[in-house]
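Next up, protein-v7.txt (compact mmCIF, C-alpha atoms and all ligand atoms):
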```
# COMPACT_ATOMS: atom_id res chain seq x y z
CA MET C 8 29.64 -18.04 57.25
CA SER C 9 30.92 -16.90 53.90
CA SER C 10 34.49 -16.80 55.08
CA PRO C 11 35.59 -20.02 53.35
CA ARG C 12 34.34 -18.60 50.06
CA LEU C 13 36.06 -15.33 50.69
CA ALA C 14 39.27 -17.10 51.54
CA TRP C 15 38.99 -19.14 48.35
CA SER C 16 38.45 -15.95 46.39
CA ALA C 17 41.52 -14.41 47.94
CA VAL C 18 43.54 -17.43 46.90
CA LEU C 19 42.23 -17.16 43.36
CA LEU C 20 42.98 -13.47 43.29
CA LEU C 21 46.53 -14.03 44.49
CA ALA C 22 46.97 -16.78 41.95
CA GLY C 23 45.62 -14.39 39.37
CA ALA C 24 48.03 -11.69 40.40
CA ALA C 25 50.91 -14.10 40.25
CA GLN C 26 49.86 -15.61 36.92
CA ALA C 27 48.03 -14.01 34.06
CA VAL C 28 44.30 -13.68 33.96
CA GLU C 29 41.99 -15.55 31.67
CA PHE C 30 39.25 -13.52 29.98
CA ASN C 31 36.33 -15.81 29.40
CA GLN C 32 33.04 -14.05 30.11
CA VAL C 33 31.84 -12.46 26.88
CA GLN C 34 29.83 -9.31 27.62
CA PRO C 35 27.13 -9.28 24.91
CA GLU C 36 26.00 -5.74 25.77
CA GLU C 37 29.40 -4.25 25.02
CA THR C 38 30.36 -6.55 22.19
CA LYS C 39 29.81 -5.11 18.73
CA LEU C 40 30.01 -6.46 15.23
CA VAL C 41 29.67 -3.87 12.49
CA PHE C 42 30.33 -3.90 8.78
CA THR C 43 30.69 -1.59 5.80
CA SER C 44 29.52 -2.62 2.36
CA LYS C 45 29.93 -0.58 -0.80
CA GLN C 46 27.06 0.18 -3.15
CA MET C 47 28.01 2.02 -6.34
CA GLY C 48 31.12 3.23 -4.53
CA VAL C 49 29.07 4.47 -1.56
CA PRO C 50 30.11 3.04 1.83
CA VAL C 51 27.07 1.87 3.81
CA ASP C 52 27.40 0.93 7.48
CA GLY C 53 25.51 -1.84 9.20
CA GLY C 54 25.77 -4.11 12.21
CA PHE C 55 24.39 -6.97 14.25
CA GLY C 56 22.51 -6.49 17.51
CA ARG C 57 22.79 -9.98 19.03
CA LEU C 58 25.96 -11.93 19.42
CA THR C 59 26.93 -14.65 21.91
CA GLY C 60 30.18 -16.45 22.46
CA GLN C 61 32.62 -18.39 24.52
CA ILE C 62 36.14 -17.14 24.74
CA ARG C 63 39.16 -18.29 26.71
CA PHE C 64 42.04 -15.91 26.35
CA ASP C 65 45.10 -15.36 28.48
CA PRO C 66 47.40 -12.77 26.91
CA ALA C 67 50.34 -14.56 28.53
CA ALA C 68 49.43 -17.86 26.86
CA PRO C 69 47.71 -17.02 23.57
CA SER C 70 48.32 -20.42 22.02
CA ALA C 71 45.95 -21.93 24.60
CA ALA C 72 43.21 -19.48 23.64
CA SER C 73 40.01 -20.38 21.90
CA ALA C 74 36.95 -18.52 20.70
CA ARG C 75 33.55 -19.44 19.46
CA LEU C 76 31.18 -16.66 18.44
CA GLU C 77 27.63 -16.97 17.26
CA ILE C 78 25.72 -14.21 15.48
CA ASP C 79 21.97 -13.99 15.40
CA LEU C 80 21.53 -12.97 11.77
CA ALA C 81 17.96 -11.74 12.22
CA SER C 82 19.41 -8.93 14.36
CA ILE C 83 21.07 -7.36 11.32
CA ASP C 84 20.76 -3.67 10.51
CA ALA C 85 21.87 -3.15 6.91
CA GLY C 86 21.77 0.65 7.03
CA SER C 87 18.21 1.31 5.85
CA ALA C 88 14.82 -0.31 6.44
CA GLU C 89 14.57 -1.38 2.81
CA ALA C 90 18.04 -2.98 2.79
CA THR C 91 17.51 -4.69 6.15
CA GLU C 92 14.31 -6.25 4.88
CA GLU C 93 16.11 -7.37 1.73
CA VAL C 94 19.24 -8.96 3.23
CA VAL C 95 17.45 -11.40 5.52
CA GLY C 96 15.81 -12.85 2.39
CA LYS C 97 16.67 -15.95 0.43
CA GLN C 98 19.13 -14.41 -2.02
CA TRP C 99 21.18 -12.80 0.73
CA LEU C 100 21.47 -14.42 4.19
CA ASN C 101 18.40 -16.66 3.99
CA VAL C 102 17.87 -16.21 7.70
CA LYS C 103 14.86 -18.55 7.82
CA ALA C 104 17.00 -21.50 6.77
CA PHE C 105 20.25 -20.31 8.39
CA PRO C 106 19.42 -18.23 11.47
CA THR C 107 22.97 -17.99 12.79
CA ALA C 108 26.49 -17.51 11.54
CA GLY C 109 29.45 -18.69 13.58
CA PHE C 110 33.15 -18.44 14.00
CA GLN C 111 35.17 -21.22 15.62
CA SER C 112 38.85 -20.66 16.21
CA THR C 113 41.37 -23.42 15.62
CA SER C 114 44.46 -21.55 16.80
CA VAL C 115 45.56 -18.18 18.13
CA LYS C 116 49.06 -16.82 17.89
CA ALA C 117 50.86 -13.73 19.15
CA LEU C 118 52.15 -11.29 16.54
CA GLY C 119 54.08 -9.17 19.03
CA GLY C 120 53.01 -6.34 21.30
CA ASP C 121 49.24 -6.20 21.68
CA ARG C 122 48.67 -7.86 18.31
CA PHE C 123 47.38 -11.37 17.82
CA GLU C 124 45.88 -13.47 15.10
CA ALA C 125 42.98 -15.88 15.31
CA VAL C 126 42.76 -18.62 12.71
CA GLY C 127 39.56 -20.53 12.37
CA GLN C 128 36.48 -21.23 10.40
CA LEU C 129 33.61 -18.98 9.56
CA THR C 130 30.24 -20.53 8.72
CA ILE C 131 27.53 -18.47 7.04
CA LYS C 132 24.55 -19.75 5.12
CA GLY C 133 25.73 -23.35 5.48
CA GLN C 134 29.11 -22.62 3.90
CA THR C 135 32.31 -22.92 5.90
CA ARG C 136 35.47 -21.06 4.95
CA ASP C 137 38.84 -20.55 6.59
CA LEU C 138 39.34 -17.18 8.17
CA ILE C 139 42.37 -15.38 9.54
CA ALA C 140 41.40 -12.48 11.77
CA PRO C 141 44.14 -10.27 13.19
CA PHE C 142 43.15 -8.46 16.35
CA THR C 143 44.51 -6.34 19.15
CA PHE C 144 43.95 -7.02 22.81
CA ARG C 145 43.94 -4.59 25.70
CA GLN C 146 42.98 -4.92 29.30
CA GLU C 147 40.65 -2.37 30.85
CA GLY C 148 40.37 -3.12 34.54
CA ALA C 149 38.86 -6.55 34.88
CA THR C 150 37.77 -6.78 31.26
CA GLY C 151 39.63 -7.54 28.09
CA VAL C 152 38.85 -5.84 24.80
CA PHE C 153 39.50 -7.60 21.49
CA GLU C 154 39.33 -5.47 18.34
CA GLY C 155 39.99 -6.33 14.75
CA THR C 156 38.90 -6.00 11.18
CA PHE C 157 38.89 -8.32 8.21
CA VAL C 158 37.46 -8.41 4.74
CA LEU C 159 34.75 -10.90 3.92
CA LYS C 160 34.04 -11.74 0.31
CA ARG C 161 30.30 -12.13 0.26
CA LEU C 162 30.20 -14.38 -2.80
CA ASP C 163 32.36 -16.98 -0.98
CA PHE C 164 29.26 -17.60 1.11
CA GLY C 165 26.61 -17.07 -1.54
CA ILE C 166 25.52 -13.80 0.09
CA GLY C 167 23.68 -11.98 -2.70
CA GLU C 168 22.68 -14.48 -5.36
CA GLY C 169 21.02 -14.06 -8.74
CA THR C 170 21.19 -10.50 -10.08
CA TRP C 171 22.81 -9.44 -6.78
CA SER C 172 25.94 -11.44 -7.62
CA ASP C 173 26.89 -8.50 -9.85
CA VAL C 174 29.73 -6.97 -7.84
CA SER C 175 29.76 -3.70 -9.81
CA THR C 176 26.73 -2.50 -7.85
CA VAL C 177 27.28 -4.13 -4.45
CA ALA C 178 30.99 -4.85 -4.01
CA ASN C 179 32.14 -8.34 -3.16
CA GLU C 180 34.33 -7.10 -0.32
CA ILE C 181 32.64 -6.32 2.97
CA GLN C 182 34.68 -4.77 5.76
CA ILE C 183 33.93 -6.39 9.11
CA ARG C 184 34.95 -4.78 12.38
CA PHE C 185 34.59 -6.55 15.72
CA HIS C 186 34.86 -5.24 19.24
CA VAL C 187 34.52 -8.07 21.73
CA VAL C 188 34.54 -7.44 25.46
CA ALA C 189 35.16 -10.30 27.87
CA ALA C 190 35.47 -10.17 31.63
CA SER C 191 37.87 -12.30 33.60
CA GLN C 192 36.45 -14.97 35.88
CA HIS C 193 38.05 -13.40 38.97
CA GLU C 194 35.94 -10.37 38.84
CA ASN C 195 32.81 -12.48 38.90
CA VAL C 196 34.03 -14.47 41.90
CA LEU C 197 34.74 -11.34 43.85
CA GLN C 198 31.48 -9.70 43.01
CA PRO C 199 29.39 -9.55 46.19
CA HIS C 200 26.00 -11.10 45.52
CA MET H 17 11.04 45.87 -34.81
CA ILE H 18 13.62 46.51 -32.12
CA PRO H 19 16.74 44.45 -32.86
CA ALA H 20 16.98 41.59 -30.37
CA THR H 21 20.23 41.00 -28.54
CA PRO H 22 21.13 37.32 -28.22
CA TYR H 23 22.22 35.67 -25.00
CA SER H 24 25.95 35.13 -24.57
CA ALA H 25 27.32 31.75 -25.59
CA PRO H 26 28.09 30.61 -22.00
CA ALA H 27 24.56 31.58 -20.93
CA LYS H 28 23.06 29.59 -23.81
CA LEU H 29 25.21 26.58 -23.03
CA ALA H 30 24.37 26.65 -19.31
CA HIS H 31 20.66 27.11 -20.08
CA TRP H 32 20.33 24.09 -22.36
CA LEU H 33 22.73 21.83 -20.49
CA ILE H 34 20.91 22.37 -17.19
CA ALA H 35 17.52 22.05 -18.92
CA ALA H 36 18.54 18.69 -20.41
CA LEU H 37 19.89 17.43 -17.07
CA ILE H 38 16.74 18.45 -15.17
CA LEU H 39 14.53 16.87 -17.82
CA ALA H 40 16.53 13.64 -17.42
CA ALA H 41 16.66 13.68 -13.60
CA PHE H 42 12.92 14.23 -13.16
CA PRO H 43 11.47 11.18 -14.95
CA LEU H 44 14.39 9.07 -13.69
CA GLY H 45 13.48 10.11 -10.13
CA LEU H 46 9.86 9.11 -10.62
CA TYR H 47 10.75 5.80 -12.26
CA MET H 48 13.50 4.61 -9.91
CA HIS H 49 11.40 5.39 -6.86
CA GLU H 50 8.81 2.79 -7.88
CA LEU H 51 11.29 -0.03 -8.56
CA PRO H 52 11.66 -2.93 -6.12
CA LEU H 53 15.14 -3.06 -4.56
CA SER H 54 17.52 -4.48 -7.16
CA PRO H 55 20.97 -3.74 -8.58
CA GLU H 56 19.22 -1.74 -11.31
CA LYS H 57 17.52 0.41 -8.69
CA LEU H 58 20.84 1.10 -6.93
CA ARG H 59 22.42 2.02 -10.26
CA LEU H 60 19.58 4.36 -11.26
CA TYR H 61 19.61 6.05 -7.84
CA SER H 62 23.29 6.78 -8.32
CA TYR H 63 22.79 8.09 -11.87
CA HIS H 64 19.96 10.29 -10.62
CA LYS H 65 22.16 11.72 -7.87
CA TRP H 66 25.05 12.31 -10.25
CA ILE H 67 22.86 14.09 -12.79
CA GLY H 68 21.31 16.20 -10.03
CA MET H 69 24.67 17.06 -8.49
CA THR H 70 25.87 18.14 -11.93
CA VAL H 71 22.96 20.61 -12.03
CA LEU H 72 24.04 21.98 -8.65
CA LEU H 73 27.66 22.13 -9.82
CA LEU H 74 26.72 24.05 -12.99
CA PHE H 75 24.30 26.28 -11.13
CA MET H 76 27.01 28.21 -9.33
CA PRO H 77 29.04 29.38 -12.34
CA ARG H 78 25.77 30.01 -14.16
CA LEU H 79 24.47 32.35 -11.48
CA LEU H 80 27.85 34.04 -11.23
CA TRP H 81 27.96 34.56 -14.98
CA ARG H 82 24.49 36.06 -14.90
CA LEU H 83 25.52 38.53 -12.21
CA VAL H 84 28.71 39.47 -14.04
CA ARG H 85 27.15 39.54 -17.51
CA PRO H 86 23.44 40.38 -17.11
CA PRO H 87 21.28 38.93 -19.86
CA PRO H 88 19.83 41.21 -22.56
CA ALA H 89 16.71 43.07 -21.46
CA LEU H 90 13.39 41.35 -21.99
CA LEU H 91 11.71 42.17 -25.28
CA PRO H 92 8.94 44.72 -24.87
CA GLY H 93 5.54 43.49 -23.80
CA PRO H 94 2.72 44.16 -21.32
CA ALA H 95 4.08 45.07 -17.88
CA TRP H 96 2.39 42.13 -16.14
CA GLN H 97 4.02 39.71 -18.58
CA LEU H 98 7.44 41.23 -18.02
CA LYS H 99 6.97 41.02 -14.26
CA LEU H 100 5.77 37.42 -14.49
CA ALA H 101 8.66 36.44 -16.75
CA GLU H 102 11.18 37.93 -14.37
CA ALA H 103 9.59 36.28 -11.32
CA THR H 104 9.53 32.93 -13.13
CA HIS H 105 13.20 33.23 -14.02
CA TRP H 106 14.27 33.92 -10.44
CA LEU H 107 12.04 31.15 -9.09
CA LEU H 108 13.57 28.79 -11.63
CA TYR H 109 17.04 29.70 -10.36
CA LEU H 110 15.90 29.17 -6.80
CA LEU H 111 14.40 25.74 -7.50
CA MET H 112 17.18 24.48 -9.75
CA ALA H 113 19.47 24.89 -6.73
CA ALA H 114 16.98 23.94 -4.00
CA VAL H 115 15.88 20.63 -5.57
CA PRO H 116 19.34 19.04 -5.86
CA LEU H 117 20.46 20.58 -2.55
CA CYS H 118 17.43 19.03 -0.88
CA GLY H 119 18.28 15.70 -2.56
CA TRP H 120 21.81 15.86 -1.19
CA LEU H 121 20.51 16.72 2.31
CA MET H 122 18.02 13.85 2.08
CA SER H 123 20.68 11.38 1.04
CA SER H 124 22.86 12.42 4.00
CA ALA H 125 19.92 12.16 6.41
CA LYS H 126 19.09 8.68 5.13
CA GLY H 127 22.66 7.60 5.82
CA PHE H 128 23.85 7.40 2.22
CA GLN H 129 26.85 9.50 1.43
CA VAL H 130 26.85 10.98 -2.08
CA VAL H 131 29.86 9.80 -4.09
CA TYR H 132 29.88 11.92 -7.24
CA LEU H 133 30.31 9.72 -10.32
CA GLY H 134 31.28 6.90 -7.94
CA LEU H 135 34.64 8.63 -7.53
CA VAL H 136 34.40 11.79 -5.43
CA PRO H 137 32.98 11.35 -1.92
CA LEU H 138 31.05 14.47 -0.94
CA PRO H 139 30.62 15.46 2.69
CA ASP H 140 27.42 14.52 4.50
CA LEU H 141 25.48 17.72 5.11
CA VAL H 142 23.55 16.36 8.11
CA GLY H 143 23.88 13.31 10.35
CA LYS H 144 21.83 10.16 9.87
CA ASP H 145 18.25 10.83 10.94
CA GLN H 146 15.45 8.70 9.48
CA ALA H 147 12.63 11.13 10.33
CA LEU H 148 14.49 14.05 8.76
CA GLY H 149 15.26 11.86 5.74
CA THR H 150 11.58 11.12 5.17
CA LEU H 151 10.69 14.79 5.56
CA LEU H 152 13.38 15.86 3.08
CA ALA H 153 12.26 13.17 0.61
CA ASP H 154 8.76 14.68 0.63
CA LEU H 155 10.19 18.16 0.27
CA HIS H 156 12.49 17.07 -2.56
CA SER H 157 9.55 15.53 -4.38
CA SER H 158 7.31 18.59 -3.88
CA LEU H 159 10.00 21.03 -4.97
CA ALA H 160 10.81 18.88 -8.01
CA TRP H 161 7.14 18.96 -9.02
CA ALA H 162 7.03 22.74 -8.50
CA LEU H 163 10.13 23.04 -10.68
CA MET H 164 8.47 20.97 -13.40
CA VAL H 165 5.32 23.12 -13.32
CA LEU H 166 7.46 26.25 -13.64
CA ILE H 167 9.41 24.73 -16.51
CA VAL H 168 6.17 23.98 -18.34
CA VAL H 169 4.92 27.54 -17.80
CA HIS H 170 8.30 28.94 -18.85
CA ALA H 171 8.45 26.76 -22.01
CA ALA H 172 4.81 27.51 -22.88
CA ALA H 173 5.52 31.24 -22.67
CA ALA H 174 8.58 30.85 -24.90
CA LEU H 175 6.54 28.93 -27.46
CA LYS H 176 3.78 31.54 -27.34
CA HIS H 177 6.34 34.24 -28.16
CA HIS H 178 7.77 32.14 -30.94
CA LEU H 179 4.57 30.87 -32.55
CA ILE H 180 1.97 33.52 -31.78
CA ASP H 181 3.87 36.79 -31.22
CA ARG H 182 6.53 35.65 -33.70
CA ASP H 183 9.26 37.58 -31.89
CA ASP H 184 12.90 36.65 -31.14
CA THR H 185 12.37 35.65 -27.49
CA LEU H 186 13.09 31.98 -28.09
CA ARG H 187 15.48 32.42 -30.99
CA ARG H 188 17.85 34.64 -29.05
CA ILE H 189 18.65 31.86 -26.59
CA LEU H 190 18.79 29.05 -29.16
CA PRO H 191 22.25 27.81 -30.06
CA PHE H 192 23.47 28.09 -33.67
CA VAL H 193 20.76 30.63 -34.56
CA LYS H 194 21.59 33.91 -36.26
CA LEU H 195 19.04 36.56 -35.45
CA PRO H 196 17.42 38.18 -38.50
CA SER H 197 18.18 41.59 -37.04
CA GLY H 198 21.81 40.76 -37.65
CA ASP H 199 22.84 41.81 -34.17
CA THR H 200 25.37 39.22 -33.01
CA ARG H 201 26.74 40.98 -29.96
CA PRO H 202 27.56 38.34 -27.34
C1 LIG D 1 17.72 18.82 -10.86
C2 LIG D 1 17.86 17.97 -9.96
C3 LIG D 1 16.87 16.96 -9.48
C4 LIG D 1 15.57 16.72 -9.86
C5 LIG D 1 14.75 17.45 -10.92
C6 LIG D 1 15.09 15.62 -9.05
C7 LIG D 1 13.82 15.07 -9.13
C8 LIG D 1 13.39 13.97 -8.41
C9 LIG D 1 12.08 13.37 -8.49
C10 LIG D 1 10.96 13.84 -9.40
C11 LIG D 1 12.04 12.32 -7.63
C12 LIG D 1 10.86 11.37 -7.37
C13 LIG D 1 10.11 11.78 -6.15
C14 LIG D 1 9.00 10.82 -5.83
O1 LIG D 1 8.62 10.01 -6.67
O2 LIG D 1 8.51 10.90 -4.71
C15 LIG D 1 13.32 12.24 -7.00
C16 LIG D 1 13.66 11.31 -6.04
C17 LIG D 1 14.89 11.24 -5.42
N1 LIG D 1 15.95 12.09 -5.59
FE1 LIG D 1 16.03 13.65 -6.89
N2 LIG D 1 16.09 15.22 -8.20
C18 LIG D 1 17.20 16.00 -8.43
C19 LIG D 1 18.41 15.94 -7.79
C20 LIG D 1 18.75 15.03 -6.80
C21 LIG D 1 20.02 14.98 -6.10
C22 LIG D 1 21.19 15.90 -6.34
C23 LIG D 1 19.95 13.94 -5.20
C24 LIG D 1 20.96 13.42 -4.21
C25 LIG D 1 22.21 13.71 -4.19
C26 LIG D 1 18.64 13.35 -5.36
C27 LIG D 1 18.20 12.27 -4.62
C28 LIG D 1 16.97 11.67 -4.77
C29 LIG D 1 16.56 10.50 -4.04
C30 LIG D 1 17.39 9.70 -3.02
C31 LIG D 1 15.25 10.22 -4.45
C32 LIG D 1 14.36 9.08 -3.96
C33 LIG D 1 13.59 9.48 -2.75
C34 LIG D 1 12.93 8.26 -2.15
O3 LIG D 1 13.24 7.15 -2.54
O4 LIG D 1 12.11 8.48 -1.26
N3 LIG D 1 17.94 14.02 -6.31
N4 LIG D 1 14.12 13.26 -7.47
```

Can you turn what I pasted into structure tokens?
Amino acid sequence: MSSPRLAWSAVLLLAGAAQAVEFNQVQPEETKLVFTSKQMGVPVDGGFGRLTGQIRFDPAAPSAASARLEIDLASIDAGSAEATEEVVGKQWLNVKAFPTAGFQSTSVKALGGDRFEAVGQLTIKGQTRDLIAPFTFRQEGATGVFEGTFVLKRLDFGIGEGTWSDVSTVANEIQIRFHVVAASQHENVLQPH
Amino acid sequence: MIPATPYSAPAKLAHWLIAALILAAFPLGLYMHELPLSPEKLRLYSYHKWIGMTVLLLFMPRLLWRLVRPPPALLPGPAWQLKLAEATHWLLYLLMAAVPLCGWLMSSAKGFQVVYLGLVPLPDLVGKDQALGTLLADLHSSLAWALMVLIVVHAAAALKHHLIDRDDTLRRILPFVKLPSGDTRP
């Protein structure tokens, strides 16, 4: 009864083997977005718990790739209870008014080897800025892993207003590290349900 | 009157420097703790940690110096007072190391590395552990209060010697003071 579907899967698989695979199923459980801020020269780690996205990436055709990621800002952990409570507030991320931050790619290009570069726009707190995010890609079985880091200047987005805009206590530069895991469609098709 | 021997110059310096740092760190600790989160609070926390770490840094050579060059014997007095003075001194040494060490441990447990003077990153002594951090914060606070009580007792005893007994107990550790006995051995 399921043989036509199986046959279709086999065709897809063969096509996939012949051509490259597209990674397009973001795995939210394995995807991580963490950051390091500096307070009085002290590095403080934080991260976001909830992140969703749509990605289309074929390492053989990077210029056709696209990515859209959305971060649930209320899921932030700023390193301590006191800081976490503070940064969702008005002067920092103003999560009530701007619950999500997003990245939308405009182009992706290969830099050679496993290195690529995504160019796009980052929107936080209602402000949109251009962003260039270099990343590496590696395939692990049926999933693809995208990893990269970039520096975000918090004041570009009005993150930390008023007295907090003093960058001698909390530095302007925030190191962002992403680890995005996306499965290829084929795996899903072959999964016996 | 038995001629009093003064403390050595390094011992005097270490004594007053550490006393000044502790007397700065203590009220700063109490004050900063009550502030709402702000850049000022972050700054004061760092200053507090740097002052405290300086105490810990000075403590080691101070203790070493004391072992190498024992201080002059206590001036004569009732046996119980001599015993109490000696016990107080050793407890002061213990706490002047334990309080900042506990602060450093607490900072590590709370997930904040200590960067001395904003320049020298110090190793984290324990991994991040909120529950341990809270416990160490309480311990740090209790030990700091115990240290303050001891300092008050210690200073009161010194003043009693100076004002009531009128002996050289205080004078022999004061900088720039020549003892009337004329003994200036280091
Ligand atoms: C001689 C040295 C020190 C003294 C006398 C001292 C004293 C104090 C006092 C009185 C408090 C307030 C406690 C309270 O209100 O509950 C405090 C808090 C604190 N101290 Fe120290 N301290 C010293 C060294 C250090 C060091 C070396 C560090 C870290 C490297 C440190 C880290 C802290 C922190 C993080 C707090 C705040 C705790 C909290 O917010 O719960 N202290 N200290």

Inset, instruction - Dump as a count of residues only all residues having an atom at most 9 Å from (33.3, -16.0, 30.0), computed in the file's coordinates with all atoms listed in the file. - result: 14

Inset, instruction - Output as a PyMOL selection string the set of chain C residues within 7 Å of chain H, with distances taken over all atoms listed in the file. - result: chain C and resi 47-49+51+170-171+176

Inset, instruction - Would you mind listing what lies within 6 Å of C:Phe123 as a list in words, with only C-alpha atoms counted and same-chain residues fewer than 4 positions away left out? - result: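 Surrounding residues, per the criterion: Lys116, Ala117, Leu118, Pro141, Phe142 and Thr143 of chain C.
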
Inset, instruction - Identify, counting only C-alpha atoms and all ligand atoms, the protein, DNA and RNA residues located within 8 Å of ligand LIG 1 (chain D), and give them as a PyMOL selection string. - result: chain H and resi 34+37-50+61+64-72+112-113+115-123+130+150+153-154+156-158+160-161+163-164

Legend entry - Pairwise distance for atom CA of H:Ala27 and atom CA of H:Leu138, rounded to one decimal in Å: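 Here the two named atoms are 27.1 Å from each other.
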
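The space separating atom CA of C:Ala125 from atom CA of C:Val152 comes to 14.4 Å.
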
Inset, instruction - Using only C-alpha atoms, determine which residues lie at most 12 Å from C:Asn101, disregarding the query and same-chain residues fewer than 2 positions distant; provide the list as a ChimeraX atom specification. - result: /C:80-81,92-99,103-108,131-133,164-168

Legend entry - Long-range neighbours of H:Ser24 as a list of chain:residue names, 12 Å cut-off, only C-alpha atoms, 5 positions minimum in chain: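 The neighbour list is H:Leu29, H:Ala30, H:His31, H:Arg78, H:Trp81, H:Arg82, H:Val84, H:Arg85, H:Pro86, H:Pro87, H:Pro88, H:Arg188, H:Ile189, H:Leu190, H:Pro191, H:Phe192, H:Thr200, H:Arg201, H:Pro202.
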
Legend entry - Residues within 10 Å of stretch 103-110 of chain H, all atoms listed in the file, excluding chain neighbours under 3 positions, as a ChimeraX atom specification: /H:75,78-79,97-100,113-115,162-164,166-167,169-170

Inset, instruction - Excluding C:Arg57 and any residue of its chain fewer than 6 positions from it, enumerate the residues within 7 Å of it, using only C-alpha atoms, and give them as a PyMOL selection string. - result: chain C and resi 78-79+82

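Across C:Ala72, C:Val102, C:Ala88, C:Val28, the tightest approach to C:Glu124 is made by C:Ala72 when counting all atoms listed in the file.
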